[in-house]
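Structure file run.cif (mmCIF, C-alpha atoms) is printed below.
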data_structure
#
loop_
_atom_site.group_PDB
_atom_site.id
_atom_site.type_symbol
_atom_site.label_atom_id
_atom_site.label_comp_id
_atom_site.auth_asym_id
_atom_site.auth_seq_id
_atom_site.Cartn_x
_atom_site.Cartn_y
_atom_site.Cartn_z
ATOM 1 C CA MET A 111 -14.431 41.127 17.775
ATOM 2 C CA ILE A 112 -12.467 43.940 16.144
ATOM 3 C CA GLU A 113 -12.079 47.594 17.124
ATOM 4 C CA VAL A 114 -13.004 49.623 14.060
ATOM 5 C CA GLN A 115 -12.661 53.086 15.571
ATOM 6 C CA PRO A 116 -11.709 54.182 19.097
ATOM 7 C CA GLY A 117 -14.290 52.607 21.383
ATOM 8 C CA VAL A 118 -16.354 51.052 18.574
ATOM 9 C CA PHE A 119 -16.120 47.285 18.041
ATOM 10 C CA ILE A 120 -17.798 44.998 15.511
ATOM 11 C CA GLY A 121 -18.429 41.319 16.090
ATOM 12 C CA GLY A 122 -20.766 38.347 15.981
ATOM 13 C CA ALA A 123 -22.982 36.311 18.282
ATOM 14 C CA GLU A 124 -20.040 34.310 19.631
ATOM 15 C CA ASP A 125 -18.557 37.490 21.112
ATOM 16 C CA VAL A 126 -21.702 38.249 23.124
ATOM 17 C CA ALA A 127 -21.806 34.657 24.356
ATOM 18 C CA ASP A 128 -18.647 35.333 26.409
ATOM 19 C CA PRO A 129 -19.400 38.206 28.863
ATOM 20 C CA GLY A 130 -16.003 37.807 30.476
ATOM 21 C CA ARG A 131 -14.301 38.533 27.186
ATOM 22 C CA LEU A 132 -16.459 41.622 26.713
ATOM 23 C CA LYS A 133 -15.511 42.935 30.158
ATOM 24 C CA ASP A 134 -11.837 42.298 29.503
ATOM 25 C CA ALA A 135 -12.113 44.361 26.310
ATOM 26 C CA GLY A 136 -13.762 47.184 28.240
ATOM 27 C CA ILE A 137 -17.160 46.810 26.514
ATOM 28 C CA THR A 138 -19.926 48.602 28.402
ATOM 29 C CA HIS A 139 -22.629 48.822 25.703
ATOM 30 C CA VAL A 140 -23.944 46.168 23.308
ATOM 31 C CA LEU A 141 -25.959 46.951 20.165
ATOM 32 C CA THR A 142 -27.571 43.852 18.653
ATOM 33 C CA ILE A 143 -28.953 43.771 15.110
ATOM 34 C CA ASP A 144 -30.372 40.271 14.735
ATOM 35 C CA LYS A 145 -33.551 38.201 14.749
ATOM 36 C CA GLU A 146 -33.439 37.680 18.510
ATOM 37 C CA ALA A 147 -31.922 39.473 21.492
ATOM 38 C CA PRO A 148 -29.016 37.726 23.247
ATOM 39 C CA GLN A 149 -28.981 36.901 26.950
ATOM 40 C CA THR A 150 -26.721 39.740 28.066
ATOM 41 C CA PRO A 151 -25.806 40.324 31.740
ATOM 42 C CA SER A 152 -27.581 43.307 33.286
ATOM 43 C CA PHE A 153 -24.365 45.245 33.871
ATOM 44 C CA PHE A 154 -24.184 45.970 30.115
ATOM 45 C CA TYR A 155 -26.210 48.762 28.513
ATOM 46 C CA THR A 156 -28.019 47.144 25.588
ATOM 47 C CA LYS A 157 -30.102 47.973 22.547
ATOM 48 C CA PHE A 158 -31.793 45.440 20.279
ATOM 49 C CA VAL A 159 -33.029 45.983 16.715
ATOM 50 C CA PHE A 160 -34.906 43.151 15.060
ATOM 51 C CA ALA A 161 -33.479 42.688 11.572
ATOM 52 C CA LEU A 162 -33.013 39.806 9.181
ATOM 53 C CA ASP A 163 -30.122 39.620 6.752
ATOM 54 C CA ASP A 164 -32.642 39.849 3.947
ATOM 55 C CA PRO A 165 -33.584 42.294 1.142
ATOM 56 C CA SER A 166 -36.955 42.933 2.798
ATOM 57 C CA THR A 167 -35.296 44.327 5.935
ATOM 58 C CA ASP A 168 -35.550 48.038 6.652
ATOM 59 C CA LEU A 169 -32.350 49.144 8.384
ATOM 60 C CA LEU A 170 -32.536 52.688 7.062
ATOM 61 C CA SER A 171 -35.330 53.706 9.429
ATOM 62 C CA TYR A 172 -33.253 52.610 12.451
ATOM 63 C CA LEU A 173 -29.900 54.141 11.498
ATOM 64 C CA ASP A 174 -30.276 57.397 13.439
ATOM 65 C CA GLU A 175 -31.259 55.716 16.708
ATOM 66 C CA CYS A 176 -28.476 53.128 16.368
ATOM 67 C CA ILE A 177 -25.914 55.842 15.698
ATOM 68 C CA SER A 178 -27.199 57.829 18.684
ATOM 69 C CA PHE A 179 -26.741 54.746 20.873
ATOM 70 C CA ILE A 180 -23.158 54.329 19.658
ATOM 71 C CA LYS A 181 -22.338 58.015 20.188
ATOM 72 C CA GLU A 182 -23.842 58.001 23.662
ATOM 73 C CA ALA A 183 -21.928 54.821 24.505
ATOM 74 C CA ILE A 184 -18.502 56.189 23.654
ATOM 75 C CA SER A 185 -19.156 59.650 25.097
ATOM 76 C CA GLY A 186 -18.522 58.375 28.631
ATOM 77 C CA SER A 187 -15.033 57.953 29.983
ATOM 78 C CA CYS A 188 -13.640 54.438 29.465
ATOM 79 C CA CYS A 189 -16.846 53.300 27.702
ATOM 80 C CA LYS A 190 -16.845 51.095 24.622
ATOM 81 C CA VAL A 191 -19.575 49.604 22.442
ATOM 82 C CA LEU A 192 -19.893 46.347 20.543
ATOM 83 C CA VAL A 193 -22.087 46.361 17.442
ATOM 84 C CA HIS A 194 -22.943 42.830 16.415
ATOM 85 C CA CYS A 195 -25.261 40.648 14.362
ATOM 86 C CA HIS A 196 -25.111 36.862 14.044
ATOM 87 C CA ALA A 197 -21.974 36.557 11.935
ATOM 88 C CA GLY A 198 -20.591 40.096 12.218
ATOM 89 C CA VAL A 199 -20.466 40.401 8.454
ATOM 90 C CA SER A 200 -23.532 42.141 6.975
ATOM 91 C CA ARG A 201 -26.051 43.783 9.334
ATOM 92 C CA SER A 202 -23.508 44.982 11.881
ATOM 93 C CA ALA A 203 -21.253 46.113 9.008
ATOM 94 C CA ALA A 204 -24.100 48.266 7.680
ATOM 95 C CA ILE A 205 -24.678 49.945 11.055
ATOM 96 C CA VAL A 206 -20.974 50.571 11.694
ATOM 97 C CA THR A 207 -20.518 51.946 8.173
ATOM 98 C CA ALA A 208 -23.457 54.305 8.714
ATOM 99 C CA TYR A 209 -21.893 55.460 11.992
ATOM 100 C CA MET A 210 -18.574 56.128 10.255
ATOM 101 C CA MET A 211 -20.370 58.063 7.522
ATOM 102 C CA LYS A 212 -22.167 60.340 9.959
ATOM 103 C CA ALA A 213 -19.337 60.718 12.450
ATOM 104 C CA SER A 214 -16.715 61.527 9.813
ATOM 105 C CA GLY A 215 -18.857 63.067 7.081
ATOM 106 C CA LEU A 216 -17.456 60.559 4.595
ATOM 107 C CA GLN A 217 -19.284 59.134 1.607
ATOM 108 C CA PHE A 218 -20.551 55.567 1.717
ATOM 109 C CA GLN A 219 -17.788 54.099 -0.434
ATOM 110 C CA GLN A 220 -15.022 55.678 1.645
ATOM 111 C CA SER A 221 -16.532 54.538 4.938
ATOM 112 C CA TYR A 222 -17.247 51.006 3.715
ATOM 113 C CA GLN A 223 -13.711 50.671 2.359
ATOM 114 C CA ALA A 224 -12.282 51.907 5.664
ATOM 115 C CA LEU A 225 -14.291 49.242 7.510
ATOM 116 C CA ARG A 226 -13.188 46.486 5.146
ATOM 117 C CA THR A 227 -9.581 47.522 5.553
ATOM 118 C CA VAL A 228 -9.896 46.682 9.244
ATOM 119 C CA LYS A 229 -12.337 43.797 8.777
ATOM 120 C CA PRO A 230 -11.805 42.246 5.308
ATOM 121 C CA ASP A 231 -14.681 39.765 5.644
ATOM 122 C CA ALA A 232 -17.291 42.516 6.068
ATOM 123 C CA GLU A 233 -19.758 42.055 3.195
ATOM 124 C CA MET A 234 -23.210 43.598 3.526
ATOM 125 C CA ILE A 235 -25.971 42.541 1.151
ATOM 126 C CA GLU A 236 -26.774 44.770 -1.813
ATOM 127 C CA GLU A 237 -30.027 46.015 -0.253
ATOM 128 C CA PHE A 238 -28.126 47.493 2.707
ATOM 129 C CA VAL A 239 -25.706 49.140 0.287
ATOM 130 C CA CYS A 240 -28.673 50.836 -1.405
ATOM 131 C CA GLN A 241 -30.091 51.944 1.946
ATOM 132 C CA LEU A 242 -26.792 53.500 3.046
ATOM 133 C CA LYS A 243 -26.545 55.356 -0.252
ATOM 134 C CA LEU A 244 -30.015 56.761 0.417
ATOM 135 C CA TYR A 245 -28.814 57.740 3.886
ATOM 136 C CA GLU A 246 -25.927 59.613 2.289
ATOM 137 C CA ALA A 247 -28.314 61.316 -0.162
ATOM 138 C CA MET A 248 -30.406 62.558 2.795
ATOM 139 C CA GLY A 249 -27.341 64.131 4.417
ATOM 140 C CA PHE A 250 -26.711 61.350 6.969
ATOM 141 C CA GLU A 251 -30.081 61.784 8.635
ATOM 142 C CA VAL A 252 -33.357 59.979 8.033
ATOM 143 C CA ASP A 253 -35.744 62.638 6.745
ATOM 144 C CA THR A 254 -39.207 61.066 6.777
ATOM 145 C CA THR A 255 -40.609 64.030 4.842
ATOM 146 C CA SER A 256 -38.220 63.698 1.899
ATOM 147 C CA ALA A 257 -39.461 62.284 -1.393
ATOM 148 C CA ILE A 258 -36.681 59.697 -1.570
ATOM 149 C CA TYR A 259 -37.539 58.339 1.876
ATOM 150 C CA LYS A 260 -41.248 58.188 1.068
ATOM 151 C CA GLN A 261 -40.506 56.298 -2.156
ATOM 152 C CA TYR A 262 -38.210 53.929 -0.255
ATOM 153 C CA ARG A 263 -40.842 53.305 2.424
ATOM 154 C CA LEU A 264 -43.519 52.615 -0.190
ATOM 155 C CA HIS A 265 -41.200 50.186 -1.955
ATOM 156 C CA LYS A 266 -40.731 48.303 1.316
ATOM 157 C CA VAL A 267 -44.495 48.234 1.885
ATOM 158 C CA ALA A 268 -45.036 46.920 -1.648
ATOM 159 C CA MET A 269 -42.646 44.028 -0.990
ATOM 160 C CA LYS A 270 -44.810 42.888 1.924
ATOM 161 C CA TYR A 271 -48.167 44.244 0.774
ATOM 162 C CA THR A 272 -50.049 40.937 0.873
ATOM 163 C CA GLU A 273 -48.881 40.317 4.461
ATOM 164 C CA LEU A 274 -49.810 43.721 5.875
ATOM 165 C CA LYS A 275 -53.088 44.475 7.603
ATOM 166 C CA ASP A 276 -52.398 48.043 8.693
ATOM 167 C CA LEU A 277 -51.241 50.547 6.080
ATOM 168 C CA SER A 278 -52.296 53.673 7.960
ATOM 169 C CA LYS A 279 -48.704 54.870 8.431
ATOM 170 C CA VAL A 280 -48.049 55.154 4.696
ATOM 171 C CA PHE A 281 -51.046 57.373 3.906
ATOM 172 C CA ALA A 282 -50.520 61.131 3.721
ATOM 173 C CA ASP A 283 -53.094 63.391 5.381
ATOM 174 C CA ASP A 284 -56.140 64.260 3.336
ATOM 175 C CA PRO A 285 -55.827 67.992 2.418
ATOM 176 C CA THR A 286 -59.480 68.488 3.344
ATOM 177 C CA SER A 287 -58.623 67.568 6.955
ATOM 178 C CA ILE A 288 -56.152 70.451 7.220
ATOM 179 C CA PRO A 289 -57.713 73.737 8.439
ATOM 180 C CA GLN A 290 -57.747 76.579 5.923
ATOM 181 C CA GLY A 291 -54.755 78.839 6.298
ATOM 182 C CA LYS A 292 -52.657 76.092 7.904
ATOM 183 C CA CYS A 293 -51.346 74.707 4.625
ATOM 184 C CA ASN A 294 -48.503 76.802 3.191
ATOM 185 C CA GLU A 295 -47.840 74.689 0.114
ATOM 186 C CA ALA A 296 -49.506 74.111 -3.230
ATOM 187 C CA VAL A 297 -52.563 71.868 -3.245
ATOM 188 C CA TYR A 298 -53.909 69.890 -6.205
ATOM 189 C CA ARG A 299 -57.651 69.591 -6.707
ATOM 190 C CA CYS A 300 -60.024 67.648 -8.947
ATOM 191 C CA ARG A 301 -60.561 69.555 -12.169
ATOM 192 C CA LYS A 302 -64.220 68.549 -12.254
ATOM 193 C CA CYS A 303 -65.522 69.161 -8.707
ATOM 194 C CA ARG A 304 -62.556 71.091 -7.210
ATOM 195 C CA ARG A 305 -62.183 68.729 -4.263
ATOM 196 C CA HIS A 306 -58.655 69.024 -2.795
ATOM 197 C CA LEU A 307 -56.741 65.773 -3.374
ATOM 198 C CA PHE A 308 -53.061 66.063 -2.420
ATOM 199 C CA ARG A 309 -50.336 68.524 -1.469
ATOM 200 C CA SER A 310 -47.139 69.303 -3.351
ATOM 201 C CA SER A 311 -45.097 67.536 -0.641
ATOM 202 C CA SER A 312 -46.805 64.276 -1.623
ATOM 203 C CA ILE A 313 -45.356 64.348 -5.143
ATOM 204 C CA LEU A 314 -42.554 61.806 -5.565
ATOM 205 C CA ASN A 315 -40.335 63.095 -8.334
ATOM 206 C CA HIS A 316 -38.382 60.573 -10.363
ATOM 207 C CA ALA A 317 -35.407 60.705 -12.696
ATOM 208 C CA PHE A 318 -36.412 61.226 -16.317
ATOM 209 C CA GLY A 319 -36.650 57.950 -18.254
ATOM 210 C CA SER A 320 -35.139 57.018 -21.583
ATOM 211 C CA GLY A 321 -38.024 58.508 -23.546
ATOM 212 C CA GLN A 322 -39.262 56.772 -26.694
ATOM 213 C CA SER A 323 -36.664 53.995 -26.502
ATOM 214 C CA ALA A 324 -38.440 52.691 -23.407
ATOM 215 C CA PHE A 325 -41.565 51.995 -25.450
ATOM 216 C CA THR A 326 -40.091 49.855 -28.223
ATOM 217 C CA HIS A 327 -42.372 47.034 -27.073
ATOM 218 C CA LYS A 328 -45.449 49.161 -27.774
ATOM 219 C CA ARG A 329 -47.368 49.148 -31.019
ATOM 220 C CA PRO A 330 -45.934 51.241 -33.938
ATOM 221 C CA SER A 331 -48.552 53.987 -33.632
ATOM 222 C CA ILE A 332 -47.361 54.847 -30.147
ATOM 223 C CA GLN A 333 -43.723 54.795 -31.251
ATOM 224 C CA THR A 334 -44.602 57.148 -34.108
ATOM 225 C CA GLN A 335 -46.421 59.501 -31.764
ATOM 226 C CA LEU A 336 -43.438 59.621 -29.420
ATOM 227 C CA HIS A 337 -41.124 60.285 -32.354
ATOM 228 C CA GLU A 338 -43.297 63.164 -33.530
ATOM 229 C CA THR A 339 -43.152 64.817 -30.106
ATOM 230 C CA ASN A 340 -39.382 64.277 -30.040
ATOM 231 C CA GLU A 341 -39.391 62.881 -26.516
ATOM 232 C CA ALA A 342 -41.928 61.628 -24.004
ATOM 233 C CA LYS A 343 -42.871 64.007 -21.221
ATOM 234 C CA CYS A 344 -44.125 63.254 -17.739
ATOM 235 C CA THR A 345 -47.870 63.602 -18.150
ATOM 236 C CA SER A 346 -48.665 62.334 -14.643
ATOM 237 C CA TYR A 347 -47.833 63.049 -11.036
ATOM 238 C CA PHE A 348 -46.615 60.057 -9.043
ATOM 239 C CA ILE A 349 -47.531 60.635 -5.418
ATOM 240 C CA GLU A 350 -47.575 58.928 -2.050
ATOM 241 C CA PRO A 351 -50.977 57.400 -1.215
ATOM 242 C CA VAL A 352 -53.404 59.791 0.475
ATOM 243 C CA GLN A 353 -56.001 58.871 3.098
ATOM 244 C CA TRP A 354 -58.954 59.194 0.706
ATOM 245 C CA MET A 355 -57.441 56.377 -1.419
ATOM 246 C CA GLU A 356 -57.574 53.821 1.392
ATOM 247 C CA PRO A 357 -60.882 52.119 0.415
ATOM 248 C CA ALA A 358 -59.609 51.606 -3.142
ATOM 249 C CA LEU A 359 -56.154 50.312 -2.171
ATOM 250 C CA LEU A 360 -56.753 47.855 0.635
ATOM 251 C CA GLY A 361 -56.673 44.251 -0.512
ATOM 252 C CA VAL A 362 -56.192 45.186 -4.178
ATOM 253 C CA MET A 363 -52.927 45.162 -6.143
ATOM 254 C CA ASP A 364 -53.988 47.587 -8.881
ATOM 255 C CA GLY A 365 -56.947 49.636 -10.050
ATOM 256 C CA GLN A 366 -58.310 53.083 -10.849
ATOM 257 C CA LEU A 367 -58.025 56.181 -8.689
ATOM 258 C CA LEU A 368 -61.306 58.098 -8.636
ATOM 259 C CA CYS A 369 -62.130 61.431 -7.045
ATOM 260 C CA PRO A 370 -63.684 60.624 -3.652
ATOM 261 C CA LYS A 371 -66.333 63.309 -4.190
ATOM 262 C CA CYS A 372 -67.453 63.065 -7.826
ATOM 263 C CA SER A 373 -65.855 59.744 -8.963
ATOM 264 C CA TYR A 374 -64.007 61.531 -11.774
ATOM 265 C CA LYS A 375 -61.211 59.274 -13.045
ATOM 266 C CA LEU A 376 -57.924 60.759 -11.866
ATOM 267 C CA GLY A 377 -55.440 58.015 -12.668
ATOM 268 C CA SER A 378 -54.464 54.558 -11.473
ATOM 269 C CA PHE A 379 -52.364 52.640 -8.958
ATOM 270 C CA ASN A 380 -50.297 49.487 -9.045
ATOM 271 C CA TRP A 381 -48.261 48.102 -6.147
ATOM 272 C CA TYR A 382 -45.982 46.364 -8.666
ATOM 273 C CA GLY A 383 -45.324 49.646 -10.473
ATOM 274 C CA GLU A 384 -46.303 51.512 -13.618
ATOM 275 C CA GLN A 385 -44.400 53.184 -16.418
ATOM 276 C CA CYS A 386 -44.431 56.950 -16.651
ATOM 277 C CA SER A 387 -44.888 58.550 -20.064
ATOM 278 C CA CYS A 388 -41.202 59.561 -19.882
ATOM 279 C CA GLY A 389 -40.272 55.874 -19.859
ATOM 280 C CA ARG A 390 -39.314 55.577 -16.188
ATOM 281 C CA TRP A 391 -40.790 52.721 -14.149
ATOM 282 C CA VAL A 392 -42.073 53.815 -10.733
ATOM 283 C CA THR A 393 -42.658 51.158 -8.044
ATOM 284 C CA PRO A 394 -45.123 51.185 -6.392
ATOM 285 C CA ALA A 395 -47.107 53.646 -8.490
ATOM 286 C CA PHE A 396 -49.930 56.011 -7.493
ATOM 287 C CA GLN A 397 -50.399 57.942 -10.686
ATOM 288 C CA ILE A 398 -52.537 61.058 -11.138
ATOM 289 C CA HIS A 399 -52.872 62.432 -14.670
ATOM 290 C CA LYS A 400 -51.877 66.092 -14.807
ATOM 291 C CA ASN A 401 -54.790 66.998 -17.073
ATOM 292 C CA ARG A 402 -57.247 65.766 -14.427
ATOM 293 C CA VAL A 403 -56.163 68.152 -11.658
ATOM 294 C CA ASP A 404 -55.474 71.841 -11.074
ATOM 295 C CA GLU A 405 -52.664 73.265 -8.973
ATOM 296 C CA VAL A 406 -53.713 75.821 -6.370
ATOM 297 C CA LYS A 407 -50.951 78.023 -4.980
ATOM 298 C CA SER A 408 -51.300 80.185 -1.896
ATOM 299 C CA LEU A 409 -50.071 83.762 -2.110
ATOM 300 C CA PRO A 410 -47.961 84.419 1.031
ATOM 301 C CA PRO A 411 -48.669 88.197 1.247
ATOM 302 C CA LEU A 412 -52.407 87.646 0.996
ATOM 303 C CA GLY A 413 -52.925 84.394 2.826
ATOM 304 C CA LEU A 414 -56.570 83.955 1.858
ATOM 305 C CA ARG A 415 -56.119 84.454 -1.876
ATOM 306 C CA THR A 416 -55.162 81.625 -4.242
ATOM 307 C CA VAL A 417 -54.009 81.339 -7.794
ATOM 308 C CA THR A 418 -54.889 78.367 -9.969
ATOM 309 C CA THR A 419 -52.546 77.231 -12.711
#
Represent the structure from my file as structure tokens, please.
Amino acid sequence: MIEVQPGVFIGGAEDVADPGRLKDAGITHVLTIDKEAPQTPSFFYTKFVFALDDPSTDLLSYLDECISFIKEAISGSCCKVLVHCHAGVSRSAAIVTAYMMKASGLQFQQSYQALRTVKPDAEMIEEFVCQLKLYEAMGFEVDTTSAIYKQYRLHKVAMKYTELKDLSKVFADDPTSIPQGKCNEAVYRCRKCRRHLFRSSSILNHAFGSGQSAFTHKRPSIQTQLHETNEAKCTSYFIEPVQWMEPALLGVMDGQLLCPKCSYKLGSFNWYGEQCSCGRWVTPAFQIHKNRVDEVKSLPPLGLRTVTT
């Protein structure tokens, strides 16, 4: 058990197994990130987060509440907190690093290095490194409405897709269920029947791919076409799944996306991912071809009027 910052300790399961040692160190709060909660005496304030030291584990979604627990713990006079996992090396290191990032406003690399200076054996798995970098990109706060968080969440769902029975939490609201005048963002509708399909906030933008070089495995005619247009453009929108897609997605790994009203082919989906025309792979992929939809923008001064582009 090592004190990383004033009042904040990091350790392993063996530290929690000795309550007397915790009391001697002045520990009043215990945050456990492990596969099972320890038997901790009732005079400790505790919080338990189920997490495996595994790439499939989602720590990102729990960072804010863990950090709040740590902050609340050390806000009291003479109060200290122990953050621990089984070995005190990976999961607890990720949580403590996230706390240091948010508390000090430091970047991931600086915070992680500061932790390893105090605890040289700290070594979180690569997946947790990626999650903390996403946390940094979101400004040290989990923003569930941000495109990068939605893409991250979908990636996690895709990893466990065959095991899941309830996917309701990953579907965005159907635009047709939102009362007129309540939506203040652009909406995209079927070009054939004009049924509203998704909102602009559902679009998951991605970094531009390597263009034609990403399609060297394709037949020569496609390579020639890409060369003639100089570089591949993004001809599709990649979006989060929307409620109207649910019947098509459940129990199926890939398939077509059809307009729920007129069955007009809009695009396709693949939980393993698809390649954008720009060359970038998007995983999982819910792809709507741009030439199959129209964008409808609301005019703020005249709330009832719309412009289609």
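Considering only C-alpha atoms, the residue among A:Ser185, A:Ser312, A:Ser171, A:Ser373 positioned nearest to Phe250 in chain A is A:Ser171.
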Query - Among the residues A:Lys260, A:Lys190, A:Arg304, A:Lys400, the one that comes closest to Val114 in chain A [using only C-alpha atoms] - result: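 Smallest separation from Val114 in chain A among the options: A:Lys190.
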Which centre and which edge lengths, in Å to one decimal, describe the axis-aligned box that holds all listed atoms of range 225-234 of chain A after 8 Å is added on each side, as AutoDock Vina command-line options?
--center_x -16.4 --center_y 44.5 --center_z 6.2 --size_x 29.6 --size_y 25.5 --size_z 22.0
Requested in this report: Go ahead and compute the interatomic distance for CA of Gln261 in chain A and CA of Gln220 in chain A, in Å to one decimal.
Outcome: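 If I compute the distance from CA of Gln261 in chain A to CA of Gln220 in chain A, I get 25.8 Å.
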Query raised in the report: Can you list, as a ChimeraX atom specification, every protein, DNA or RNA residue that comes within 12 Å of Asp168 in chain A when you count only C-alpha atoms, leaving out same-chain residues fewer than 4 positions away?
Result: /A:143,159-164,172-173,201,204-205,237-242,259,262-267,269-270
